[in-house]
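A.B. asks: So that you have it, the file is start_6.txt, and it contains compact mmCIF, C-alpha atoms and all ligand atoms:
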# COMPACT_ATOMS: atom_id res chain seq x y z
CA MET D 1 118.46 101.76 83.32
CA ASN D 2 115.43 100.80 85.39
CA MET D 3 112.95 102.65 83.18
CA ARG D 4 111.37 101.29 80.00
CA LEU D 5 108.73 102.28 77.51
CA PHE D 6 105.59 100.39 78.59
CA GLY D 7 103.04 101.45 75.97
CA GLN D 8 100.96 104.29 74.60
CA VAL D 9 97.70 105.99 75.52
CA PRO D 10 95.98 108.87 73.65
CA GLU D 11 97.97 111.37 75.76
CA GLY D 12 101.36 109.89 74.81
CA ASP D 13 103.99 107.36 75.89
CA VAL D 14 103.73 105.47 79.16
CA TYR D 15 106.94 104.54 80.98
CA GLU D 16 107.51 101.92 83.65
CA VAL D 17 110.06 102.31 86.43
CA THR D 18 111.31 99.27 88.38
CA LEU D 19 112.60 99.62 91.93
CA GLU D 20 114.28 96.78 93.79
CA ASN D 21 116.12 96.36 97.08
CA ARG D 22 118.26 93.81 98.85
CA ARG D 23 115.41 92.49 100.94
CA GLY D 24 113.87 91.26 97.71
CA LEU D 25 111.10 93.86 97.40
CA LYS D 26 110.39 94.86 93.83
CA ALA D 27 107.96 97.54 92.66
CA ARG D 28 106.94 98.52 89.14
CA ILE D 29 105.40 101.96 88.70
CA LEU D 30 103.88 103.49 85.58
CA SER D 31 104.02 107.14 84.57
CA LEU D 32 100.31 106.78 83.68
CA GLY D 33 98.54 107.64 86.91
CA ALA D 34 101.82 107.18 88.86
CA THR D 35 100.37 103.69 89.13
CA LEU D 36 101.86 100.91 91.23
CA ARG D 37 101.63 98.06 88.71
CA SER D 38 103.22 95.34 90.80
CA LEU D 39 104.71 94.87 94.22
CA GLU D 40 106.66 91.67 94.68
CA VAL D 41 107.46 90.48 98.17
CA PRO D 42 109.43 87.32 99.10
CA ASP D 43 107.16 84.62 100.55
CA ALA D 44 108.12 81.98 103.12
CA GLU D 45 110.18 80.05 100.57
CA GLY D 46 111.85 83.20 99.31
CA ASN D 47 109.75 83.15 96.11
CA LEU D 48 108.45 86.52 94.99
CA ARG D 49 104.72 86.99 95.49
CA ASP D 50 103.14 89.84 93.56
CA VAL D 51 100.56 91.19 96.00
CA ILE D 52 99.01 93.91 93.79
CA LEU D 53 96.35 93.55 91.11
CA GLY D 54 97.25 95.09 87.76
CA TYR D 55 97.17 94.88 83.98
CA ASP D 56 99.61 93.90 81.24
CA THR D 57 98.98 96.85 78.92
CA ALA D 58 98.73 100.64 78.99
CA GLU D 59 95.44 100.39 77.11
CA GLU D 60 93.83 98.35 79.90
CA TYR D 61 94.93 100.96 82.43
CA TRP D 62 93.54 103.75 80.25
CA ASN D 63 90.18 102.01 79.82
CA GLY D 64 89.99 100.53 83.34
CA GLN D 65 87.33 101.80 85.71
CA SER D 66 88.74 100.41 88.94
CA TYR D 67 91.77 102.65 89.65
CA LEU D 68 94.05 99.60 89.99
CA GLY D 69 97.19 100.79 91.82
CA ALA D 70 96.74 104.40 90.73
CA ALA D 71 97.60 107.66 92.43
CA VAL D 72 94.23 109.32 92.98
CA GLY D 73 93.58 113.08 93.07
CA ARG D 74 92.94 115.95 93.27
CA PHE D 75 90.44 114.65 95.72
CA ALA D 76 90.20 110.97 96.66
CA ASN D 77 86.73 109.47 97.09
CA ARG D 78 83.59 111.57 96.58
CA ILE D 79 82.53 115.20 96.51
CA GLY D 80 78.75 115.37 96.83
CA GLY D 81 76.87 117.06 93.99
CA ALA D 82 80.29 117.60 92.33
CA CYS D 83 80.10 121.06 93.84
CA PHE D 84 81.42 123.13 96.72
CA PHE D 85 81.71 126.68 98.01
CA LEU D 86 85.10 128.06 98.96
CA ASN D 87 85.97 131.64 99.92
CA GLY D 88 82.57 132.86 98.74
CA ARG D 89 82.71 131.20 95.33
CA GLU D 90 80.89 128.19 93.97
CA TYR D 91 82.97 125.59 92.13
CA ARG D 92 81.36 123.05 89.82
CA LEU D 93 83.40 119.93 89.27
CA ASP D 94 83.36 117.25 86.63
CA ALA D 95 80.75 114.68 87.78
CA ASN D 96 81.74 111.11 86.95
CA GLU D 97 79.58 109.03 89.32
CA GLY D 98 76.01 110.11 88.80
CA ARG D 99 75.81 113.70 89.98
CA ASN D 100 78.82 113.31 92.25
CA GLN D 101 82.53 113.35 91.67
CA LEU D 102 84.59 110.23 92.38
CA HIS D 103 88.39 110.19 92.66
CA GLY D 104 89.00 113.58 91.04
CA GLY D 105 86.72 113.26 87.99
CA THR D 106 86.85 111.62 84.55
CA TYR D 107 90.44 112.70 83.93
CA GLY D 108 91.60 112.67 87.52
CA PHE D 109 95.25 112.09 88.42
CA SER D 110 94.88 108.34 87.79
CA ARG D 111 94.56 108.98 84.02
CA ARG D 112 97.33 111.54 83.64
CA LEU D 113 100.85 111.14 82.39
CA TRP D 114 103.16 112.01 85.24
CA MET D 115 106.82 112.91 84.65
CA PRO D 116 109.03 110.11 86.03
CA ILE D 117 112.31 110.98 87.73
CA VAL D 118 114.41 108.00 88.80
CA LYS D 119 116.40 108.98 91.89
CA SER D 120 118.06 105.60 92.53
CA GLY D 121 117.35 101.87 92.27
CA GLN D 122 115.03 102.23 95.26
CA GLU D 123 113.41 105.62 94.69
CA ALA D 124 111.45 107.36 91.95
CA VAL D 125 109.46 110.59 91.91
CA PHE D 126 106.52 111.36 89.63
CA ARG D 127 105.51 114.99 88.93
CA LEU D 128 102.30 116.42 87.60
CA THR D 129 101.03 119.94 87.00
CA SER D 130 97.28 120.14 87.29
CA PRO D 131 96.17 123.43 85.67
CA ASP D 132 93.77 126.00 87.15
CA GLY D 133 90.24 124.71 86.54
CA ASP D 134 91.36 121.08 86.09
CA MET D 135 88.21 118.93 86.48
CA GLY D 136 86.71 122.12 87.98
CA PHE D 137 89.20 122.58 90.83
CA PRO D 138 90.59 126.03 91.62
CA GLY D 139 94.22 127.03 91.12
CA GLN D 140 97.19 125.36 89.53
CA LEU D 141 98.43 122.44 91.60
CA ASP D 142 101.99 121.14 91.37
CA ALA D 143 102.00 117.60 92.72
CA GLU D 144 104.68 115.03 93.39
CA VAL D 145 104.42 111.36 94.38
CA CYS D 146 107.55 109.61 95.59
CA TYR D 147 107.86 105.83 95.76
CA ARG D 148 110.69 104.53 97.91
CA LEU D 149 111.62 101.00 98.99
CA GLU D 150 112.94 100.97 102.55
CA GLY D 151 113.82 97.55 103.97
CA ASN D 152 110.57 95.57 104.20
CA ALA D 153 108.48 98.58 103.24
CA LEU D 154 107.27 100.74 100.41
CA ARG D 155 106.90 104.39 101.38
CA ILE D 156 104.68 106.61 99.25
CA SER D 157 105.11 110.33 99.96
CA TYR D 158 103.03 113.09 98.44
CA ARG D 159 103.85 116.81 98.14
CA ALA D 160 101.83 119.56 96.55
CA SER D 161 101.50 123.31 96.36
CA ALA D 162 98.76 125.39 94.77
CA SER D 163 98.27 128.89 93.34
CA ALA D 164 94.80 129.17 94.95
CA ALA D 165 93.01 127.46 97.85
CA THR D 166 91.86 124.00 96.75
CA PRO D 167 90.49 120.82 98.27
CA LEU D 168 93.25 118.21 98.22
CA SER D 169 93.41 114.56 99.19
CA MET D 170 95.72 112.19 97.36
CA THR D 171 95.93 108.46 97.87
CA ASN D 172 97.08 105.25 96.27
CA HIS D 173 94.39 102.85 95.11
CA SER D 174 96.26 99.53 95.21
CA TYR D 175 94.26 96.32 95.40
CA PHE D 176 96.09 93.97 97.77
CA ASN D 177 95.90 90.19 97.75
CA LEU D 178 98.59 88.76 99.99
CA ALA D 179 98.14 85.24 98.63
CA GLY D 180 99.28 86.75 95.34
CA HIS D 181 97.30 88.59 92.69
CA GLY D 182 95.20 86.17 90.70
CA SER D 183 94.66 83.77 93.59
CA GLY D 184 90.93 84.36 93.99
CA THR D 185 89.03 86.08 96.76
CA VAL D 186 90.56 87.48 99.93
CA GLY D 187 87.80 85.88 102.03
CA THR D 188 90.15 84.29 104.54
CA HIS D 189 92.50 87.24 104.83
CA LYS D 190 92.33 88.85 108.26
CA LEU D 191 91.83 92.58 108.54
CA THR D 192 92.39 94.98 111.42
CA VAL D 193 91.65 98.71 111.30
CA ARG D 194 92.58 101.00 114.18
CA ALA D 195 89.44 103.09 114.10
CA ASP D 196 86.89 103.82 116.81
CA CYS D 197 84.55 105.60 114.38
CA TYR D 198 83.48 105.73 110.75
CA THR D 199 81.57 108.20 108.59
CA PRO D 200 78.17 106.77 107.49
CA THR D 201 77.01 107.59 103.96
CA ASP D 202 73.73 108.02 102.11
CA THR D 203 72.60 105.80 99.22
CA GLU D 204 74.94 107.70 96.86
CA MET D 205 77.91 107.02 99.14
CA ILE D 206 78.13 110.66 100.26
CA PRO D 207 78.86 111.17 103.99
CA THR D 208 75.86 112.26 106.03
CA GLY D 209 78.17 114.26 108.30
CA GLU D 210 77.82 111.91 111.25
CA ILE D 211 80.89 110.41 112.90
CA ARG D 212 79.60 107.18 114.36
CA PRO D 213 81.31 104.75 116.77
CA VAL D 214 82.07 101.28 115.38
CA ALA D 215 81.58 99.61 118.79
CA GLY D 216 78.94 96.90 118.69
CA THR D 217 78.76 96.89 114.87
CA LEU D 218 80.28 94.81 112.08
CA LEU D 219 82.61 97.73 111.41
CA ASP D 220 84.46 97.15 114.64
CA LEU D 221 87.74 95.91 113.16
CA ARG D 222 89.89 96.83 116.11
CA ASP D 223 90.49 93.09 116.52
CA PRO D 224 91.20 90.99 113.40
CA VAL D 225 88.17 89.95 111.34
CA GLU D 226 88.00 87.52 108.40
CA ALA D 227 87.17 89.54 105.30
CA GLU D 228 84.37 87.27 104.06
CA THR D 229 82.34 87.78 107.24
CA LEU D 230 81.96 91.36 106.04
CA TRP D 231 80.53 90.66 102.60
CA ASN D 232 78.43 87.77 103.90
CA ALA D 233 76.67 90.09 106.37
CA PRO D 234 73.23 91.28 105.16
CA GLU D 235 73.84 94.63 106.94
CA LEU D 236 76.67 95.35 104.48
CA SER D 237 74.89 94.14 101.33
CA ARG D 238 74.51 97.66 99.85
CA THR D 239 78.28 98.02 99.68
CA ARG D 240 78.87 94.26 99.05
CA GLY D 241 81.12 94.20 102.10
CA LEU D 242 83.27 97.14 103.08
CA ASP D 243 83.43 100.41 101.19
CA HIS D 244 83.63 102.62 104.27
CA ASN D 245 85.65 105.55 105.49
CA PHE D 246 87.20 104.81 108.89
CA VAL D 247 88.36 107.60 111.17
CA LEU D 248 91.82 106.61 112.33
CA SER D 249 92.38 106.68 116.07
CA GLY D 250 96.07 107.57 115.86
CA GLY D 251 98.56 106.50 118.49
CA GLU D 252 101.22 103.83 118.25
CA GLY D 253 101.08 101.06 115.68
CA PRO D 254 99.76 100.72 112.15
CA ALA D 255 96.43 102.13 111.00
CA ALA D 256 95.50 98.85 109.31
CA VAL D 257 96.85 95.32 109.12
CA LEU D 258 96.05 92.69 106.51
CA THR D 259 97.22 89.09 106.98
CA ALA D 260 97.41 86.36 104.33
CA PRO D 261 95.37 83.17 104.86
CA ASP D 262 98.54 81.16 105.59
CA GLY D 263 99.47 83.73 108.23
CA ARG D 264 102.94 83.98 106.72
CA LEU D 265 102.72 87.42 105.18
CA SER D 266 101.21 90.57 106.67
CA LEU D 267 100.87 94.10 105.43
CA GLU D 268 100.91 96.93 107.95
CA VAL D 269 99.77 100.32 106.71
CA SER D 270 100.88 103.44 108.60
CA THR D 271 99.90 106.93 107.59
CA ASP D 272 99.61 110.56 108.65
CA CYS D 273 96.16 110.76 107.00
CA PRO D 274 93.15 111.15 109.28
CA ALA D 275 91.14 108.38 107.60
CA VAL D 276 91.21 105.28 105.42
CA GLN D 277 88.67 103.99 102.91
CA VAL D 278 88.55 100.23 103.29
CA TYR D 279 87.11 98.64 100.16
CA THR D 280 86.75 94.87 99.87
CA ALA D 281 86.31 95.26 96.11
CA GLY D 282 82.73 93.98 95.95
CA PHE D 283 82.20 95.91 92.71
CA LEU D 284 85.39 94.78 90.98
CA GLU D 285 84.11 93.34 87.72
CA GLU D 286 85.29 90.02 86.38
CA GLN D 287 88.21 90.90 84.12
CA ARG D 288 91.55 89.79 82.84
CA GLY D 289 94.56 90.85 84.88
CA LYS D 290 98.34 90.50 84.65
CA ASP D 291 99.89 87.31 83.31
CA GLY D 292 96.58 85.70 82.38
CA ALA D 293 95.10 86.08 85.87
CA VAL D 294 91.35 86.56 86.18
CA TYR D 295 90.08 89.06 88.74
CA GLY D 296 86.60 89.42 90.14
CA PRO D 297 84.58 90.65 93.12
CA HIS D 298 86.36 90.41 96.48
CA HIS D 299 89.70 89.44 94.96
CA ALA D 300 91.48 92.19 96.91
CA VAL D 301 91.32 94.78 99.66
CA CYS D 302 92.03 98.47 99.07
CA LEU D 303 93.33 100.53 101.97
CA GLU D 304 92.99 104.09 100.68
CA THR D 305 94.49 106.49 103.20
CA GLN D 306 92.78 109.83 102.73
CA ALA D 307 91.12 112.97 104.07
CA PHE D 308 87.44 112.56 105.01
CA PRO D 309 85.38 112.12 101.83
CA ASP D 310 83.43 115.25 100.87
CA ALA D 311 85.28 117.18 103.62
CA VAL D 312 84.88 120.44 101.68
CA ASN D 313 81.09 120.24 102.18
CA HIS D 314 81.30 119.29 105.87
CA PRO D 315 82.70 121.99 108.16
CA GLU D 316 82.41 119.45 111.00
CA PHE D 317 85.08 117.26 109.32
CA PRO D 318 88.82 118.05 109.52
CA SER D 319 89.67 120.58 106.81
CA ALA D 320 91.19 119.25 103.57
CA ILE D 321 91.97 122.62 101.98
CA LEU D 322 95.46 123.45 100.76
CA GLU D 323 96.06 127.20 100.99
CA PRO D 324 98.23 128.94 98.36
CA GLY D 325 101.87 129.32 99.31
CA ARG D 326 101.75 126.32 101.65
CA LEU D 327 103.46 122.99 101.06
CA TRP D 328 101.18 119.98 101.55
CA GLU D 329 102.91 116.77 102.54
CA SER D 330 101.55 113.36 103.36
CA GLU D 331 102.87 109.84 103.49
CA THR D 332 101.77 106.26 103.81
CA VAL D 333 104.06 103.32 104.53
CA TYR D 334 103.20 99.75 103.48
CA ARG D 335 105.35 97.42 105.58
CA PHE D 336 105.48 93.68 105.04
CA GLU D 337 106.16 91.16 107.75
CA GLY D 338 106.61 87.44 107.04
CA ALA D 339 108.82 84.40 107.07
CA GLY D 340 110.39 85.09 103.66
CA LEU D 341 111.29 88.59 104.71
CA ALA D 342 112.98 87.29 107.87
CA LYS D 343 115.26 85.30 105.56
CA GLY D 344 115.81 88.47 103.59
CA ARG D 345 116.85 90.23 106.78
CA ARG D 346 119.48 87.56 107.48
CA ALA D 347 120.75 87.82 103.92
CA GLN D 348 121.07 91.55 104.30
CA MET D 349 123.14 91.19 107.49
CA ILE D 350 125.54 88.94 105.60
CA TYR D 351 125.87 91.11 102.52
CA LEU D 352 125.84 94.63 103.95
C1 LIG K 1 86.78 103.54 96.19
C2 LIG K 1 85.36 103.84 96.34
C3 LIG K 1 84.57 102.68 95.82
C4 LIG K 1 84.91 102.40 94.37
C5 LIG K 1 86.39 102.24 94.22
C6 LIG K 1 86.81 102.20 92.79
O1 LIG K 1 87.16 102.54 97.01
O2 LIG K 1 85.00 104.13 97.65
O3 LIG K 1 83.19 102.93 95.95
O4 LIG K 1 84.50 103.46 93.58
O5 LIG K 1 87.07 103.29 94.82
O6 LIG K 1 86.12 101.28 92.04
If you took the structure in this file and wrote it as structure tokens, what would it be?
Ligand code: GLA
C.D. replies:
Amino acid sequence: MNMRLFGQVPEGDVYEVTLENRRGLKARILSLGATLRSLEVPDAEGNLRDVILGYDTAEEYWNGQSYLGAAVGRFANRIGGACFFLNGREYRLDANEGRNQLHGGTYGFSRRLWMPIVKSGQEAVFRLTSPDGDMGFPGQLDAEVCYRLEGNALRISYRASASAATPLSMTNHSYFNLAGHGSGTVGTHKLTVRADCYTPTDTEMIPTGEIRPVAGTLLDLRDPVEAETLWNAPELSRTRGLDHNFVLSGGEGPAAVLTAPDGRLSLEVSTDCPAVQVYTAGFLEEQRGKDGAVYGPHHAVCLETQAFPDAVNHPEFPSAILEPGRLWESETVYRFEGAGLAKGRRAQMIYL
């Protein structure tokens, strides 16, 4: 049985599901927040490298403020003034970052107990019912997050339906460090983001409504950039590096690519979402992580595929409203490329 009791939080028991495939990928997912707790990938020598930051205990996840690996919802990122108008009605949301809402509110999806359903050794689904009025959002929402290992990749698929029109944007908030979690900053990781534009924000991190080209700015990541150049730039001091929403350009190829300092492991992120929040974790506080690791600022990169932040208050942004009776589906694929995985591929040809 690849599910075990992991711990307890005030809401109840937390379970952990382990998925594993023949290429050597291994993922551990918690029912609390449908959280990706670890993602092990074979490195050049075939040793497993855990590339996700996480904690050892359920209590640390419950008390954590950084959304490590969590499924985020109902609405990823921020809703300005924790308020919006929809179909002639005003909705007031739970405000958990000053007067704004961040990542669905105090008890957003990242702090809920999801129902785990193990489909196979490579696939598990987590279900959650978010009641009408949850954190202020309209309508009951039935949500599902599916984790599936496919060759060199982890696919996360989301489905949801609602009893009333509601803003919806779900993401996964994993912190990636391709040198292995606990190996310090990601300063010499290289980052590429296929985005011609981004959405500038005000001092409270709420979009101004502008969609601005990246050309000629530090946010032009269309060619690979070393991560530390971003947090060393005075222009990005307010966000301590990147904490920006990039408008994905679409087309062939991944939305974002992250490459380890040794160049021997890369992560390619592909998605059907219109945008990605790229966060170089400048505000990640010094804290204890899994297996005695110590985490701190810039120890990871988050690639949060999402709708445009605060879309519900910006008619000029693509709509992020789920209408009742409709099925909302979205998916993001995290594909790893590297020497160790090439060995894995050969092994698979022999054993299949
Ligand atoms: C997102 C936000 C950041 C920060 C992290 C969580 O990336 O954009 O500002 O809140 O989540 O710590």
A.B. asks: Collect all residues with atoms no farther than 10 Å from ligand LIG 1 (chain K), counting only C-alpha atoms and all ligand atoms, and output them as a PyMOL selection string.
C.D. replies: chain D and resi 64-68+72+76-78+97+102-103+173-175+204-206+239+242-245+276-285+301-304+309
A.B. asks: With 6 Å as the threshold, what does the neighbourhood of (100.9, 96.0, 94.4) contain in terms of residues, counting all atoms listed in the file? Coordinates are those of the file; answer as a PyMOL selection string.
C.D. replies: chain D and resi 36+38-39+51-52+174
A.B. asks: Between D:Val214, D:Ile79, D:Leu236, D:Val333, which one has atoms that come closest to Cys146 (chain D), using only C-alpha atoms?
C.D. replies: D:Val333
A.B. asks: Determine the nearest neighbour of Glu286 (chain D) from the options D:Leu178, D:Asp132, D:Gly184, D:Glu226, counting only C-alpha atoms.
C.D. replies: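 The answer is D:Gly184, which sits nearest to Glu286 (chain D).
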A.B. asks: Ala179 (chain D): which residues within 12 Å, counting only C-alpha atoms, same-chain residues fewer than 2 positions away excluded, as a VMD selection string?
C.D. replies: chain D and resid 40 to 44 48 to 53 176 to 177 181 to 190 258 to 267 299 to 301
